[in-house]
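Down below is the structure, laid out as structure tokens.
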Amino acid sequence: MRGPRRARTMTGRHGHGLVIGKFYPFHAGHQALVRAATSSCDRVTVEVMAHTVESIPVDVRVGWVQAEHPTARVVAAPDDHDVDFDSPEVWDLHMDVIESHLDAPVDAVFTSDAYGEEMARRLGATWVQVDPGRASTPISGTAVRADVAGSWWALPSPVRAWFAKRIVVVGAESTGATTLADALGPHYGTTVVPEFWREWSERRAGGLTGPWHAAEFELVAREQAALEDAAAAAAPRPLLVCDSDAFATTLLHERHVGAPSPSVRALADARPTPALYLLTGDEIPFVPDGMRDGEHGRAWMQGRFREELAARRVPWVEVQGTRDERLAAATAAVDEVVAEGWDLADPVG
């Protein structure tokens with residue numbers, strides 16, 4: 001959407017600013033670029049230029065940018081064309097994509113790289129170069145993809161939440177799940193998400209013996225998910241230990257209501273896929289503590305965990321033995337997950 005180049009307003013601000021990028025992933029350098037635009041323009045459009053070969057879905061990237069910059073208009077701009085800054089014909093193809101996603105003429109184009117000059121010329125806009133050479137914010141998408149953990153400092157909260165590998169500890173009552181989760185957190189120097197189910201059981205009317213309602217399990221699943229997501233966004237490293245999750249809540253519903261819950265199952269299925277489940281074994285003695293349902297249901301619950309985990313497309317390991325033996329088996333499995341890293345395709349261009 002070309003238009004005549006317009007001067008800044010009397011306040012020195014531009015009218016409509018444009019930022020484009022792959023945001024693969026979105027990082028502190030991108031944030032600085034968008035902030036430069038939003039602080040000096042009346043309105044800003046951010047176009048997420050995504051290629052189909054790339055591993056992170058474009059709607060995820062749009063969500064990242066929108067969450068961090070709610071005043072900007074953020075749009076997905078799928079673009080499978082090759083990148084060749086020396087080819088006018090290739091430039092034409094990219095500009096067709098860019099202009100088709102604009103809703104008004106652009107007054108200023110914000111980029112770090114030099115291609116912004118030609119883009120601005122083609123749009124009849126002013127080019128604003130921000131942090132050339134990335135001197136102020138030394139980070140790039142290439143650097144993040146090569147070393148997510150080493151680049152953790154540069155990732156905004158929603159991006160951290162997406163990258164954090166979630167290790168979920170589950171097990172029937174009195175199998176040591178909380179003990180193991182609490183040991184894994186300090187071992188890896190990361191956050192442990194507490195089990196909301198126990199908190200809810202302690203404060204609900206009637207305690208464990210009162211009649212249960214399906215809506216309670218939806219509440220527990222949602223609260224557990226909220227705790228998990230908040231912890232993932234603030235985790236000190238790309239690893240999170242969770243004492244239970246929404247999937248475990250589906251089995252709790254079966255145990256206390258007597259049948260599966262489609263709504264709780266749907267909540268669980270919509271959650272980010274954990275990197276690993278650790279199932280704590282039921283070979284240890286049952287220890288009543290006043291807040292447990294009783295030993296009679298432990299074997300059944302443990303069997304359901306084994307059945308359901310075997311059916312899920314997620315790695316899982318059952319750990320048994322002493323506390324030290326369980327921790328050793330768990331850390332061996334977690335170390336494998338950490339070593340795998342993230343399998344992200346190289347971008348085009």
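Ligands are numbered from 1 in the order shown, chains are lettered A, B, ... in the order of the structure tokens, and residues start at 1 in each chain.
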
Identify, with DSSP run on backbone atoms, the residues in segment 108-255 of chain A assigned to alpha helix (DSSP H), and express the list as a ChimeraX atom specification.
/A:115-123,141-146,157-163,177-188,196-203,214-234,246-255

For Thr175 of chain A, which of A:Thr273, A:Thr331, A:Thr126, A:Thr280 is the closest residue, counting only C-alpha atoms?
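Among the listed residues, the smallest separation from Thr175 of chain A belongs to A:Thr280.
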
Which residues are close to Val148 of chain A, i.e. within 12 Å by only C-alpha atoms, leaving aside same-chain residues fewer than 3 positions away? Reply as a VMD selection string.
chain A and resid 24 to 27 139 to 145 151 to 155 159 to 160 162 to 165 237 to 239 338 to 344

Saved selection, atoms kept: C-alpha atoms, as a JSON list (two decimals), in the first residue's frame:
```json
[["chain", "number", "residue", "atom", "x", "y", "z"],
["A", 24, "TYR", "CA", 11.86, -17.06, 14.98],
["A", 25, "PRO", "CA", 11.86, -16.84, 17.92],
["A", 26, "PHE", "CA", 10.88, -13.45, 19.30],
["A", 27, "HIS", "CA", 13.70, -12.02, 21.45],
["A", 139, "ILE", "CA", 21.18, -11.31, 20.20],
["A", 140, "SER", "CA", 19.72, -12.88, 17.07],
["A", 141, "GLY", "CA", 17.29, -15.61, 16.16],
["A", 142, "THR", "CA", 20.23, -17.70, 14.94],
["A", 143, "ALA", "CA", 21.92, -17.40, 18.34],
["A", 144, "VAL", "CA", 18.75, -18.35, 20.21],
["A", 145, "ARG", "CA", 18.08, -21.40, 18.05],
["A", 151, "SER", "CA", 20.05, -17.10, 25.30],
["A", 152, "TRP", "CA", 17.45, -17.40, 28.06],
["A", 153, "TRP", "CA", 18.19, -13.87, 29.24],
["A", 154, "ALA", "CA", 16.96, -12.49, 25.91],
["A", 155, "LEU", "CA", 13.61, -14.29, 25.73],
["A", 159, "VAL", "CA", 8.61, -17.25, 24.61],
["A", 160, "ARG", "CA", 10.13, -18.78, 27.74],
["A", 162, "TRP", "CA", 6.84, -22.04, 25.02],
["A", 163, "PHE", "CA", 10.45, -23.26, 25.18],
["A", 164, "ALA", "CA", 10.49, -24.50, 28.78],
["A", 165, "LYS", "CA", 10.72, -28.29, 28.90],
["A", 237, "ARG", "CA", 16.21, -21.91, 32.92],
["A", 238, "PRO", "CA", 14.34, -23.72, 30.13],
["A", 239, "LEU", "CA", 13.30, -26.56, 32.42],
["A", 338, "VAL", "CA", 17.73, -31.73, 28.22],
["A", 339, "ALA", "CA", 20.48, -33.05, 25.93],
["A", 340, "GLU", "CA", 18.01, -33.42, 23.05],
["A", 341, "GLY", "CA", 17.55, -29.67, 22.88],
["A", 342, "TRP", "CA", 15.02, -28.23, 20.44],
["A", 343, "ASP", "CA", 14.68, -29.48, 16.88],
["A", 344, "LEU", "CA", 14.05, -26.24, 14.98]]
```

From segment 160-241 of chain A, collect each residue whose DSSP state is strand (DSSP E or B) and return the set as a list in words.
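Everything in segment 160-241 of chain A that counts as strand (DSSP E or B) is Lys165, Arg166, Ile167, Val168, Val169, Val170, Val192, Val193, Leu239, Leu240 and Val241 of chain A.
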
Would you mind exporting C-alpha atoms of the selected residues as a CSV table (one decimal), in the first residue's frame?
```
chain,number,residue,atom,x,y,z
A,165,LYS,CA,10.7,-28.3,28.9
A,166,ARG,CA,8.1,-29.5,31.3
A,167,ILE,CA,8.9,-32.5,33.5
A,168,VAL,CA,5.8,-33.8,35.2
A,169,VAL,CA,5.9,-36.0,38.2
A,170,VAL,CA,2.8,-38.1,38.8
A,192,VAL,CA,8.8,-26.6,41.1
A,193,VAL,CA,5.1,-26.2,40.4
A,239,LEU,CA,13.3,-26.6,32.4
A,240,LEU,CA,10.3,-26.8,34.7
A,241,VAL,CA,9.4,-29.5,37.3
```

Polymer residues at most 12 Å from segment 214-224 of chain A, only C-alpha atoms, same-chain spacing of 5 or more positions, as a count of residues only:
45

Å distance separating atom CA of Ala310 of chain A from atom CA of Ala333 of chain A, one decimal place
16.4 Å

Figure out the distance between atom CA of Val44 of chain A and atom CA of Lys22 of chain A, please, to one decimal in Å.
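Taking atom CA of Lys22 of chain A and atom CA of Val44 of chain A, their separation equals 16.5 Å.
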
Using only C-alpha atoms, find the one residue out of A:Leu93, A:Ala50, A:Ala149, A:Leu184 that sits nearest to Val334 of chain A.
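Smallest distance to Val334 of chain A is found for A:Leu184.
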
Contacts of segment 29-33 of chain A within 12 Å, only C-alpha atoms, excl. fewer than 6 positions in-chain, as a PyMOL selection string:
chain A and resi 17-23+39-40+44+46+48+61+64-69+72+109-113+128-141+143-144+151+153-157+159

Of the candidates A:Val106, A:Ala332, A:Val348, A:Val317, which one gets nearest to Ala37 of chain A if we count only C-alpha atoms?
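Smallest separation from Ala37 of chain A among the options: A:Val106.
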
Using only C-alpha atoms, which of A:Pro88, A:Pro105, A:Gly171, A:Pro158 sits nearest Gly63 of chain A?
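Closest candidate: A:Pro158.
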
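Distance check against Ala114 of chain A using only C-alpha atoms: of A:Met95, A:Leu227, A:Val62, A:Phe85, the minimum falls on A:Phe85.
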